[in-house]
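What follows is the content of input.tsv (TSV, C-alpha atoms).
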chain	number	residue	atom	x	y	z
A	1	MET	CA	-3.85	301.20	102.10
A	2	GLY	CA	-3.28	301.84	98.43
A	3	ALA	CA	0.45	301.05	98.50
A	4	PRO	CA	2.04	299.12	95.59
A	5	GLU	CA	3.33	295.56	96.01
A	6	SER	CA	6.90	296.82	95.89
A	7	ALA	CA	6.19	298.67	99.16
A	8	ASN	CA	6.66	295.38	101.04
A	9	GLY	CA	10.40	295.59	100.47
A	10	VAL	CA	10.49	299.13	101.81
A	11	VAL	CA	8.64	298.04	104.96
A	12	THR	CA	11.22	295.30	105.54
A	13	SER	CA	14.15	297.65	104.92
A	14	VAL	CA	12.78	300.26	107.34
A	15	PHE	CA	12.64	297.63	110.10
A	16	GLY	CA	16.28	296.72	109.43
A	17	ALA	CA	17.33	300.37	109.40
A	18	GLY	CA	15.68	300.95	112.77
A	19	SER	CA	17.42	297.89	114.20
A	20	VAL	CA	20.86	298.98	112.98
A	21	VAL	CA	20.67	302.55	114.26
A	22	ALA	CA	19.19	301.62	117.64
A	23	SER	CA	21.57	298.72	118.27
A	24	LEU	CA	24.65	300.84	117.56
A	25	ILE	CA	23.45	303.65	119.81
A	26	ILE	CA	22.30	301.40	122.65
A	27	GLY	CA	25.50	299.32	122.50
A	28	VAL	CA	27.68	302.38	123.07
A	29	LEU	CA	25.35	303.84	125.73
A	30	SER	CA	25.06	300.59	127.68
A	31	ASP	CA	28.83	300.12	127.90
A	32	GLN	CA	29.52	303.76	128.73
A	33	LEU	CA	26.77	304.00	131.36
A	34	GLN	CA	27.46	300.46	132.63
A	35	ASN	CA	23.74	299.76	132.61
A	36	ARG	CA	21.73	296.95	131.05
A	37	ARG	CA	18.46	296.73	132.95
A	38	GLY	CA	17.46	300.40	132.72
A	39	LEU	CA	18.03	300.47	128.97
A	40	GLN	CA	16.12	297.19	128.56
A	41	ILE	CA	13.17	298.81	130.32
A	42	PHE	CA	13.47	301.73	127.91
A	43	GLY	CA	13.46	299.26	125.01
A	44	SER	CA	10.24	297.71	126.32
A	45	LEU	CA	8.61	301.14	126.36
A	46	VAL	CA	9.70	301.68	122.75
A	47	TYR	CA	8.12	298.32	121.87
A	48	VAL	CA	4.83	299.39	123.49
A	49	VAL	CA	4.93	302.69	121.60
A	50	SER	CA	5.41	300.82	118.31
A	51	GLY	CA	2.33	298.72	119.09
A	52	ILE	CA	0.26	301.83	119.78
A	53	ILE	CA	1.37	303.33	116.45
A	54	PHE	CA	0.38	300.09	114.72
A	55	TYR	CA	-2.99	300.01	116.51
A	56	TYR	CA	-4.00	303.39	115.12
A	57	ALA	CA	-2.32	302.99	111.70
A	58	ARG	CA	-4.59	303.89	108.80
A	59	HIS	CA	-2.04	305.01	106.20
A	60	TYR	CA	1.08	303.59	104.60
A	61	TYR	CA	3.43	306.13	106.22
A	62	GLN	CA	2.09	305.08	109.63
A	63	ILE	CA	2.99	301.45	108.85
A	64	LEU	CA	6.48	302.62	107.93
A	65	LEU	CA	6.73	304.53	111.21
A	66	PHE	CA	5.57	301.44	113.11
A	67	ARG	CA	8.19	299.26	111.44
A	68	LEU	CA	10.92	301.83	112.10
A	69	VAL	CA	10.08	302.12	115.81
A	70	ASN	CA	9.50	298.37	116.11
A	71	GLY	CA	12.87	297.73	114.47
A	72	ALA	CA	14.50	300.08	116.96
A	73	ALA	CA	12.86	298.22	119.84
A	74	SER	CA	14.08	294.93	118.40
A	75	GLY	CA	17.63	296.26	118.00
A	76	ILE	CA	17.68	297.43	121.62
A	77	ALA	CA	16.23	294.17	122.97
A	78	CYS	CA	18.47	291.83	120.99
A	79	THR	CA	21.68	293.77	121.66
A	80	LEU	CA	21.13	293.95	125.41
A	81	PHE	CA	19.77	290.43	125.74
A	82	TYR	CA	22.82	288.86	124.12
A	83	ALA	CA	25.08	291.23	126.09
A	84	THR	CA	23.38	290.06	129.29
A	85	LEU	CA	24.22	286.44	128.48
A	86	GLY	CA	27.80	287.37	127.62
A	87	ASP	CA	28.13	289.21	130.94
A	88	VAL	CA	27.25	286.12	132.96
A	89	TYR	CA	28.18	282.87	131.19
A	90	PRO	CA	31.63	281.44	130.34
A	91	ALA	CA	32.69	280.03	126.98
A	92	ASN	CA	31.66	276.42	127.65
A	93	LEU	CA	28.10	277.43	128.66
A	94	LEU	CA	27.31	280.40	126.45
A	95	GLY	CA	26.45	278.44	123.30
A	96	PHE	CA	23.52	276.60	124.86
A	97	LYS	CA	22.18	279.84	126.38
A	98	VAL	CA	22.30	281.45	122.93
A	99	ALA	CA	20.47	278.39	121.65
A	100	ILE	CA	17.66	279.01	124.14
A	101	ILE	CA	17.14	282.45	122.61
A	102	TYR	CA	17.01	280.91	119.15
A	103	PHE	CA	14.61	278.24	120.44
A	104	CYS	CA	12.15	280.89	121.65
A	105	ASN	CA	12.58	282.82	118.41
A	106	ASP	CA	11.92	279.69	116.35
A	107	ILE	CA	8.68	278.96	118.21
A	108	ALA	CA	7.53	282.51	117.51
A	109	TYR	CA	8.69	282.13	113.89
A	110	THR	CA	6.59	278.98	113.52
A	111	ILE	CA	3.33	280.08	115.12
A	112	GLY	CA	3.56	283.87	114.79
A	113	PRO	CA	2.49	284.24	111.15
A	114	ILE	CA	-0.44	281.86	111.64
A	115	CYS	CA	-1.69	283.61	114.78
A	116	GLY	CA	-1.09	287.03	113.25
A	117	GLN	CA	-3.13	286.16	110.16
A	118	ARG	CA	-6.03	284.87	112.25
A	119	LEU	CA	-6.00	287.95	114.47
A	120	PHE	CA	-5.90	290.17	111.40
A	121	ASN	CA	-8.90	288.35	109.92
A	122	ILE	CA	-10.84	288.88	113.16
A	123	ALA	CA	-9.94	292.47	114.07
A	124	ARG	CA	-7.82	293.73	111.17
A	125	VAL	CA	-4.72	295.70	112.27
A	126	LYS	CA	-5.95	296.09	115.85
A	127	GLY	CA	-5.64	292.32	116.44
A	128	PRO	CA	-1.87	291.86	115.96
A	129	ALA	CA	-1.24	295.39	117.29
A	130	SER	CA	-2.87	294.44	120.59
A	131	VAL	CA	-0.50	291.48	120.87
A	132	VAL	CA	2.51	293.75	120.29
A	133	ILE	CA	1.34	296.09	123.05
A	134	ALA	CA	0.61	293.19	125.43
A	135	LEU	CA	4.03	291.61	124.87
A	136	GLY	CA	5.74	294.95	125.45
A	137	VAL	CA	3.85	295.49	128.71
A	138	LEU	CA	4.63	291.92	129.84
A	139	LYS	CA	8.34	292.42	129.16
A	140	LEU	CA	8.25	295.74	131.00
A	141	ILE	CA	6.68	294.10	134.08
A	142	LEU	CA	9.18	291.23	134.09
A	143	LEU	CA	12.16	293.57	133.79
A	144	THR	CA	10.84	295.84	136.51
A	145	VAL	CA	9.75	293.20	139.01
A	146	VAL	CA	11.87	290.09	138.39
A	147	SER	CA	15.05	290.87	136.48
A	148	GLY	CA	18.30	292.23	137.86
A	149	ASP	CA	21.20	293.90	136.08
A	150	SER	CA	23.67	291.41	134.59
A	151	LEU	CA	26.56	293.82	135.13
A	152	VAL	CA	26.12	293.42	138.89
A	153	ILE	CA	26.49	289.66	138.49
A	154	ARG	CA	29.47	290.23	136.19
A	155	LYS	CA	31.25	292.28	138.85
A	156	ILE	CA	30.67	289.55	141.44
A	157	ILE	CA	32.06	286.92	139.06
A	158	ARG	CA	35.12	289.02	138.29
A	159	ALA	CA	35.76	289.64	141.98
A	160	SER	CA	35.61	285.92	142.75
A	161	GLU	CA	37.92	285.11	139.83
A	162	GLU	CA	40.45	287.69	141.00
A	163	GLU	CA	40.30	286.23	144.50
A	164	VAL	CA	40.99	282.73	143.18
A	165	GLU	CA	43.89	283.99	141.05
A	166	ALA	CA	45.35	285.85	144.01
A	167	LYS	CA	45.46	282.60	146.00
A	168	GLY	CA	47.25	280.76	143.21
A	169	PRO	CA	50.98	280.12	143.08
A	170	GLU	CA	51.59	282.65	140.35
A	171	ILE	CA	49.84	285.87	139.47
A	172	VAL	CA	50.01	287.02	135.89
A	173	SER	CA	49.25	290.66	135.28
A	174	VAL	CA	47.37	291.25	132.06
A	175	SER	CA	46.70	294.78	130.91
A	176	ALA	CA	43.21	295.19	129.49
A	177	GLU	CA	41.63	298.12	127.76
A	178	LYS	CA	38.77	299.69	129.67
A	179	SER	CA	36.67	299.75	126.51
A	180	MET	CA	37.06	299.23	122.78
A	181	SER	CA	35.30	301.19	120.06
A	182	ILE	CA	33.20	299.41	117.44
A	183	PRO	CA	35.78	300.00	114.64
A	184	ARG	CA	38.55	298.52	116.82
A	185	LEU	CA	36.38	295.53	117.68
A	186	LEU	CA	35.79	294.91	113.99
A	187	LEU	CA	39.55	294.62	113.46
A	188	ARG	CA	39.76	291.59	115.76
A	189	PRO	CA	39.57	288.22	113.93
A	190	PRO	CA	36.96	286.58	116.23
A	191	VAL	CA	34.62	289.53	115.73
A	192	ILE	CA	35.01	289.93	111.98
A	193	ILE	CA	34.71	286.18	111.34
A	194	SER	CA	31.56	285.95	113.45
A	195	THR	CA	30.12	289.06	111.81
A	196	LEU	CA	30.57	287.62	108.33
A	197	ALA	CA	29.09	284.29	109.44
A	198	ILE	CA	25.95	285.94	110.83
A	199	MET	CA	25.56	288.18	107.82
A	200	ALA	CA	25.85	285.25	105.42
A	201	SER	CA	23.71	282.71	107.28
A	202	LEU	CA	20.82	284.98	108.21
A	203	GLY	CA	20.98	286.79	104.88
A	204	VAL	CA	20.70	283.50	103.00
A	205	GLN	CA	17.81	282.50	105.28
A	206	GLY	CA	15.95	285.69	104.38
A	207	MET	CA	16.71	285.10	100.72
A	208	LEU	CA	15.34	281.55	100.79
A	209	GLU	CA	12.21	282.63	102.62
A	210	GLY	CA	11.41	284.81	99.64
A	211	LEU	CA	12.54	282.41	96.90
A	212	VAL	CA	11.21	279.04	98.06
A	213	PRO	CA	7.55	280.01	97.47
A	214	LEU	CA	8.49	281.17	93.95
A	215	HIS	CA	10.39	277.95	93.32
A	216	LEU	CA	7.41	275.88	94.44
A	217	ILE	CA	5.25	277.60	91.84
A	218	ASP	CA	7.77	277.94	88.98
A	219	LYS	CA	9.46	274.55	89.08
A	220	LEU	CA	7.21	272.21	91.08
A	221	ASN	CA	3.78	273.63	90.12
A	222	ARG	CA	2.72	273.70	93.76
A	223	LEU	CA	0.34	276.63	93.96
A	224	ASN	CA	-1.20	276.06	97.40
A	225	ASP	CA	1.60	275.50	99.88
A	226	ASN	CA	-0.34	277.43	102.58
A	227	GLY	CA	2.87	278.23	104.43
A	228	ILE	CA	3.66	274.55	105.13
A	229	SER	CA	7.25	274.98	103.94
A	230	PHE	CA	7.83	277.70	106.55
A	231	VAL	CA	6.26	275.54	109.25
A	232	ILE	CA	8.67	272.75	108.29
A	233	LEU	CA	11.62	275.15	108.47
A	234	GLY	CA	10.44	276.50	111.82
A	235	LEU	CA	10.01	273.00	113.25
A	236	ALA	CA	13.48	272.02	112.00
A	237	PHE	CA	14.96	275.07	113.73
A	238	THR	CA	13.04	274.32	116.94
A	239	VAL	CA	14.18	270.70	117.12
A	240	LEU	CA	17.79	271.30	116.11
A	241	VAL	CA	18.65	274.48	118.01
A	242	PRO	CA	19.15	272.94	121.49
A	243	ILE	CA	21.16	270.10	119.95
A	244	VAL	CA	23.53	272.45	118.13
A	245	GLY	CA	23.88	274.63	121.23
A	246	LYS	CA	24.81	271.63	123.37
A	247	VAL	CA	27.24	270.31	120.74
A	248	ASN	CA	28.91	273.73	120.58
A	249	ASP	CA	29.49	273.82	124.35
A	250	THR	CA	30.61	270.18	124.49
A	251	LEU	CA	33.22	270.69	121.78
A	252	ILE	CA	34.60	273.75	123.57
A	253	SER	CA	34.67	271.98	126.94
A	254	ARG	CA	36.51	268.91	125.63
A	255	TRP	CA	38.96	270.69	123.37
A	256	ASP	CA	39.17	274.49	123.18
A	257	GLU	CA	37.47	277.54	121.77
A	258	GLN	CA	38.96	276.93	118.33
A	259	MET	CA	36.31	274.22	117.89
A	260	ARG	CA	33.75	277.02	117.59
A	261	TYR	CA	35.31	278.04	114.29
A	262	CYS	CA	35.46	274.44	113.12
A	263	LEU	CA	31.71	274.20	113.68
A	264	MET	CA	31.19	277.43	111.76
A	265	LEU	CA	33.34	276.09	108.90
A	266	PHE	CA	31.27	272.90	108.81
A	267	GLY	CA	28.10	275.01	108.71
A	268	SER	CA	29.33	277.13	105.81
A	269	LEU	CA	30.38	274.12	103.72
A	270	ALA	CA	27.19	272.21	104.55
A	271	MET	CA	25.11	275.25	103.59
A	272	ILE	CA	26.53	275.03	100.07
A	273	LEU	CA	25.43	271.38	99.92
A	274	ALA	CA	21.96	272.33	101.17
A	275	MET	CA	21.63	274.98	98.47
A	276	VAL	CA	22.74	272.53	95.78
A	277	LEU	CA	20.23	269.95	97.03
A	278	MET	CA	17.42	272.50	96.90
A	279	ALA	CA	18.46	273.71	93.46
A	280	LEU	CA	18.42	270.20	92.00
A	281	ALA	CA	15.26	269.04	93.81
A	282	LYS	CA	12.63	267.61	91.47
A	283	THR	CA	10.03	266.85	94.14
A	284	TYR	CA	8.50	268.73	97.05
A	285	ALA	CA	9.80	266.15	99.55
A	286	VAL	CA	13.42	266.55	98.42
A	287	LEU	CA	13.11	270.34	98.51
A	288	MET	CA	11.81	270.21	102.07
A	289	VAL	CA	14.66	267.89	103.10
A	290	GLY	CA	17.09	270.47	101.72
A	291	PHE	CA	15.20	273.26	103.52
A	292	ALA	CA	15.39	271.37	106.84
A	293	PHE	CA	19.08	270.59	106.24
A	294	PHE	CA	19.62	274.30	105.65
A	295	ALA	CA	18.23	274.94	109.15
A	296	LEU	CA	21.01	272.75	110.58
A	297	THR	CA	23.72	274.54	108.59
A	298	ASN	CA	22.33	277.92	109.60
A	299	LEU	CA	22.45	277.06	113.30
A	300	CYS	CA	25.98	275.64	113.00
A	301	MET	CA	27.07	279.08	111.85
A	302	CYS	CA	24.86	281.36	113.97
A	303	ILE	CA	25.12	279.82	117.45
A	304	PRO	CA	28.95	279.63	117.55
A	305	ALA	CA	29.17	283.08	115.99
A	306	GLN	CA	26.80	284.69	118.50
A	307	SER	CA	28.64	283.12	121.44
A	308	ALA	CA	32.02	284.20	120.02
A	309	TYR	CA	31.35	287.88	120.73
A	310	GLY	CA	30.79	287.32	124.44
A	311	ASP	CA	33.75	284.95	124.75
A	312	PHE	CA	36.10	287.39	123.03
A	313	ILE	CA	35.02	290.36	125.16
A	314	ASN	CA	35.43	288.30	128.35
A	315	SER	CA	38.84	287.01	127.27
A	316	VAL	CA	40.30	290.49	126.73
A	317	GLY	CA	38.63	291.87	129.88
A	318	THR	CA	37.17	294.98	128.27
A	319	ASP	CA	33.81	296.62	129.02
A	320	SER	CA	32.53	296.46	125.45
A	321	MET	CA	30.03	293.60	125.58
A	322	ALA	CA	27.05	295.60	124.31
A	323	ARG	CA	29.16	297.14	121.54
A	324	GLY	CA	30.17	293.67	120.42
A	325	TYR	CA	26.60	292.44	120.21
A	326	SER	CA	25.45	295.62	118.48
A	327	ILE	CA	27.82	294.55	115.69
A	328	ALA	CA	26.08	291.16	115.60
A	329	ILE	CA	22.65	292.79	115.25
A	330	CYS	CA	23.93	295.06	112.49
A	331	ALA	CA	25.34	292.02	110.66
A	332	TRP	CA	21.95	290.33	110.86
A	333	ALA	CA	20.16	293.43	109.58
A	334	ALA	CA	22.65	293.99	106.76
A	335	GLY	CA	22.32	290.40	105.59
A	336	ALA	CA	18.51	290.50	105.84
A	337	ILE	CA	18.35	293.69	103.76
A	338	VAL	CA	21.00	293.07	101.09
A	339	LEU	CA	21.02	289.33	100.28
A	340	PRO	CA	17.26	288.86	99.68
A	341	SER	CA	17.36	291.64	97.07
A	342	ILE	CA	20.37	290.07	95.36
A	343	GLY	CA	18.75	286.64	95.49
A	344	SER	CA	15.52	287.91	93.95
A	345	ALA	CA	17.43	289.58	91.11
A	346	LEU	CA	19.42	286.42	90.38
A	347	TYR	CA	16.33	284.22	90.56
A	348	SER	CA	14.50	286.36	88.06
A	349	HIS	CA	17.28	285.60	85.55
A	350	LEU	CA	18.40	282.10	86.47
A	351	GLY	CA	16.05	280.50	88.98
A	352	PHE	CA	17.29	277.87	91.41
A	353	ALA	CA	18.18	275.68	88.46
A	354	LYS	CA	17.95	275.93	84.71
A	355	PRO	CA	14.47	275.02	83.40

Structure translated into structure tokens:
Amino acid sequence: MGAPESANGVVTSVFGAGSVVASLIIGVLSDQLQNRRGLQIFGSLVYVVSGIIFYYARHYYQILLFRLVNGAASGIACTLFYATLGDVYPANLLGFKVAIIYFCNDIAYTIGPICGQRLFNIARVKGPASVVIALGVLKLILLTVVSGDSLVIRKIIRASEEEVEAKGPEIVSVSAEKSMSIPRLLLRPPVIISTLAIMASLGVQGMLEGLVPLHLIDKLNRLNDNGISFVILGLAFTVLVPIVGKVNDTLISRWDEQMRYCLMLFGSLAMILAMVLMALAKTYAVLMVGFAFFALTNLCMCIPAQSAYGDFINSVGTDSMARGYSIAICAWAAGAIVLPSIGSALYSHLGFAKP
């Protein structure tokens, strides 16, 4: 389309900007309107519209528009999907449910680029664009025909819990705010800690996805990786994600919710070790071991952090679930936009290790 190579970074940033704006707006709207399902249907329509824009794209500005609208659809979907889980599941079950989302995402991460490239080779832009439209329509049908509103289930659960408490020997009255604004949520330690964890882990992931191919060429003279390193990372994520989710819930069930932060601390420290291993790697095999180990550290930070939002909102009894998860999506987008740029700048001067 005649765009320079540097335009790739702009395309990525536009997607992140769309995600941030849409997630913040939809988080506030969903909590104020007390509606999840209707807004999820709206998000599916936005996703279909983005696919139609992509299908007819012939110019660079149209690609930017597609990425902006597609990012908005992603921000809506992710915010409300996580909020739906937080509405329904308690602390000792939420981690594994978050892991299921990551599991599906990792499968798409592994096979998506390969399928997208093949479709592009066959039908150019119309190939992958048709898949985007089809997935949006499928989601729209499922939400319309099959899915219910999680807030209805949440009300039933709250009513049953209040009934059980009323039958107990002692009733403790706890005053809860009806809703909390996003700035006030960010002042709470569970939210700010989880936000920083998501920003760091997913930002570093985006950074490595851009730097590992350069490292393979610069330091290991491997010119034809053919995306194998990303397949290895995707497979590592796919295998490890249900394990980490189950471990997260088991630790919370046996001890308490503080174990979530212990797992996040382990993930952050282990991530440093993974980075050191990758920096010092002299062979492709060692580098891939470090890359796979990074997948484990990433999940040990992300899964507990994502479940922490829902647990905190449920514990304080406020109707701010979607707002909480809009913060999580913004943290992901901020990390994905900022850290890869910083990593690229540092690599251009230092590399993973000194030559």

A:Ala99, A:Ala17, A:Val88, A:Leu220: which is nearest Lys246 (chain A), counting only C-alpha atoms?
A:Ala99

Counting all atoms listed in the file, which of A:Leu296, A:Ile52, A:Met264, A:Ala345 gets nearest to Leu196 (chain A)?
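Using all atoms listed in the file, the shortest distance to Leu196 (chain A) belongs to A:Met264.
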
Rank nothing, just name the residue among A:Leu39, A:Val46, A:Ile101, A:Leu151 nearest to Asp87 (chain A), using only C-alpha atoms.
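Ranking A:Leu39, A:Val46, A:Ile101, A:Leu151 by distance to Asp87 (chain A), first place goes to A:Leu151.
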
Atomic distance CA of Leu202 (chain A) - CA of Trp332 (chain A), expressed in Å with one decimal:
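It comes out at 6.1 Å.
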
I want to know what sits within 9 Å of region 9-15 of chain A, based on all atoms listed in the file, with residues of the same chain fewer than 2 positions away left out; could you give that as a list of chain:residue names?
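Residues near the query, excluding close chain neighbours: A:Glu5, A:Ser6, A:Ala7, A:Ala17, A:Gly18, A:Ser19, A:Val20, A:Ile63, A:Leu64, A:Leu65, A:Phe66, A:Arg67, A:Leu68, A:Val69, A:Asn70, A:Gly71, A:Ala72, A:Ser74, A:Ala333, A:Ala336, A:Ile337, A:Ser341.
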
Please define a box with edges along x, y and z of the file around all atoms of region 87-98 of chain A given in the file, extend it by 5 Å on each side, and return its centre and edge lengths in Å to one decimal, as JSON.
{"center_x": 27.4, "center_y": 282.8, "center_z": 127.9, "size_x": 20.5, "size_y": 22.8, "size_z": 20.0}

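In this comparison, which uses all atoms listed in the file, the residue of A:Lys155, A:Arg37, A:Arg118, A:Arg222 approaching Phe81 (chain A) most closely is A:Arg37.
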
With the input short on atoms, add all heavy atoms back to region 279-289 of chain A and write it as a PDB file, keeping the file's coordinate frame.
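For reference, rebuild-v5.pdb as written:
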ATOM      1  N   ALA A 279      18.459 273.290  94.862  1.00  0.00           N
ATOM      2  CA  ALA A 279      18.460 273.710  93.460  1.00  0.00           C
ATOM      3  C   ALA A 279      18.144 272.563  92.524  1.00  0.00           C
ATOM      4  O   ALA A 279      17.491 272.747  91.490  1.00  0.00           O
ATOM      5  CB  ALA A 279      19.820 274.307  93.106  1.00  0.00           C
ATOM      6  N   LEU A 280      18.608 271.359  92.879  1.00  0.00           N
ATOM      7  CA  LEU A 280      18.420 270.200  92.000  1.00  0.00           C
ATOM      8  C   LEU A 280      17.165 269.401  92.338  1.00  0.00           C
ATOM      9  O   LEU A 280      16.866 268.412  91.645  1.00  0.00           O
ATOM     10  CB  LEU A 280      19.646 269.278  92.107  1.00  0.00           C
ATOM     11  CG  LEU A 280      20.991 269.907  91.689  1.00  0.00           C
ATOM     12  CD1 LEU A 280      22.118 268.903  91.878  1.00  0.00           C
ATOM     13  CD2 LEU A 280      20.940 270.404  90.251  1.00  0.00           C
ATOM     14  N   ALA A 281      16.439 269.799  93.375  1.00  0.00           N
ATOM     15  CA  ALA A 281      15.260 269.040  93.810  1.00  0.00           C
ATOM     16  C   ALA A 281      14.196 268.996  92.713  1.00  0.00           C
ATOM     17  O   ALA A 281      13.842 270.026  92.138  1.00  0.00           O
ATOM     18  CB  ALA A 281      14.692 269.650  95.087  1.00  0.00           C
ATOM     19  N   LYS A 282      13.696 267.796  92.457  1.00  0.00           N
ATOM     20  CA  LYS A 282      12.630 267.610  91.470  1.00  0.00           C
ATOM     21  C   LYS A 282      11.279 267.363  92.125  1.00  0.00           C
ATOM     22  O   LYS A 282      10.257 267.373  91.440  1.00  0.00           O
ATOM     23  CB  LYS A 282      12.982 266.433  90.550  1.00  0.00           C
ATOM     24  CG  LYS A 282      14.285 266.595  89.791  1.00  0.00           C
ATOM     25  CD  LYS A 282      14.258 267.797  88.861  1.00  0.00           C
ATOM     26  CE  LYS A 282      15.551 267.895  88.058  1.00  0.00           C
ATOM     27  NZ  LYS A 282      15.563 269.103  87.180  1.00  0.00           N
ATOM     28  N   THR A 283      11.285 267.109  93.427  1.00  0.00           N
ATOM     29  CA  THR A 283      10.030 266.850  94.140  1.00  0.00           C
ATOM     30  C   THR A 283       9.946 267.748  95.371  1.00  0.00           C
ATOM     31  O   THR A 283      10.957 268.254  95.864  1.00  0.00           O
ATOM     32  CB  THR A 283       9.933 265.382  94.586  1.00  0.00           C
ATOM     33  OG1 THR A 283      10.955 265.106  95.556  1.00  0.00           O
ATOM     34  CG2 THR A 283      10.072 264.440  93.399  1.00  0.00           C
ATOM     35  N   TYR A 284       8.724 267.898  95.865  1.00  0.00           N
ATOM     36  CA  TYR A 284       8.500 268.730  97.050  1.00  0.00           C
ATOM     37  C   TYR A 284       9.202 268.139  98.266  1.00  0.00           C
ATOM     38  O   TYR A 284       9.779 268.871  99.077  1.00  0.00           O
ATOM     39  CB  TYR A 284       6.993 268.829  97.309  1.00  0.00           C
ATOM     40  CG  TYR A 284       6.630 269.666  98.508  1.00  0.00           C
ATOM     41  CD1 TYR A 284       6.683 271.047  98.464  1.00  0.00           C
ATOM     42  CD2 TYR A 284       6.216 269.067  99.701  1.00  0.00           C
ATOM     43  CE1 TYR A 284       6.344 271.829  99.554  1.00  0.00           C
ATOM     44  CE2 TYR A 284       5.879 269.829 100.807  1.00  0.00           C
ATOM     45  CZ  TYR A 284       5.940 271.211 100.724  1.00  0.00           C
ATOM     46  OH  TYR A 284       5.608 271.969 101.813  1.00  0.00           O
ATOM     47  N   ALA A 285       9.193 266.808  98.392  1.00  0.00           N
ATOM     48  CA  ALA A 285       9.800 266.150  99.550  1.00  0.00           C
ATOM     49  C   ALA A 285      11.307 266.420  99.601  1.00  0.00           C
ATOM     50  O   ALA A 285      11.857 266.743 100.668  1.00  0.00           O
ATOM     51  CB  ALA A 285       9.537 264.654  99.505  1.00  0.00           C
ATOM     52  N   VAL A 286      11.982 266.312  98.464  1.00  0.00           N
ATOM     53  CA  VAL A 286      13.420 266.550  98.420  1.00  0.00           C
ATOM     54  C   VAL A 286      13.731 268.012  98.738  1.00  0.00           C
ATOM     55  O   VAL A 286      14.682 268.325  99.463  1.00  0.00           O
ATOM     56  CB  VAL A 286      14.000 266.157  97.051  1.00  0.00           C
ATOM     57  CG1 VAL A 286      15.483 266.541  96.958  1.00  0.00           C
ATOM     58  CG2 VAL A 286      13.827 264.667  96.801  1.00  0.00           C
ATOM     59  N   LEU A 287      12.910 268.918  98.221  1.00  0.00           N
ATOM     60  CA  LEU A 287      13.110 270.340  98.510  1.00  0.00           C
ATOM     61  C   LEU A 287      12.986 270.624  99.990  1.00  0.00           C
ATOM     62  O   LEU A 287      13.783 271.387 100.569  1.00  0.00           O
ATOM     63  CB  LEU A 287      12.099 271.171  97.726  1.00  0.00           C
ATOM     64  CG  LEU A 287      12.212 272.694  97.902  1.00  0.00           C
ATOM     65  CD1 LEU A 287      13.543 273.202  97.364  1.00  0.00           C
ATOM     66  CD2 LEU A 287      11.060 273.410  97.226  1.00  0.00           C
ATOM     67  N   MET A 288      12.009 269.993 100.639  1.00  0.00           N
ATOM     68  CA  MET A 288      11.810 270.210 102.070  1.00  0.00           C
ATOM     69  C   MET A 288      12.941 269.588 102.896  1.00  0.00           C
ATOM     70  O   MET A 288      13.311 270.117 103.944  1.00  0.00           O
ATOM     71  CB  MET A 288      10.465 269.661 102.507  1.00  0.00           C
ATOM     72  CG  MET A 288       9.266 270.464 102.002  1.00  0.00           C
ATOM     73  SD  MET A 288       9.295 272.209 102.539  1.00  0.00           S
ATOM     74  CE  MET A 288       9.914 273.035 101.060  1.00  0.00           C
ATOM     75  N   VAL A 289      13.493 268.467 102.425  1.00  0.00           N
ATOM     76  CA  VAL A 289      14.660 267.890 103.100  1.00  0.00           C
ATOM     77  C   VAL A 289      15.830 268.871 103.034  1.00  0.00           C
ATOM     78  O   VAL A 289      16.537 269.100 104.021  1.00  0.00           O
ATOM     79  CB  VAL A 289      15.036 266.539 102.464  1.00  0.00           C
ATOM     80  CG1 VAL A 289      16.403 266.068 102.968  1.00  0.00           C
ATOM     81  CG2 VAL A 289      13.985 265.482 102.772  1.00  0.00           C
TER      82      VAL A 289
END
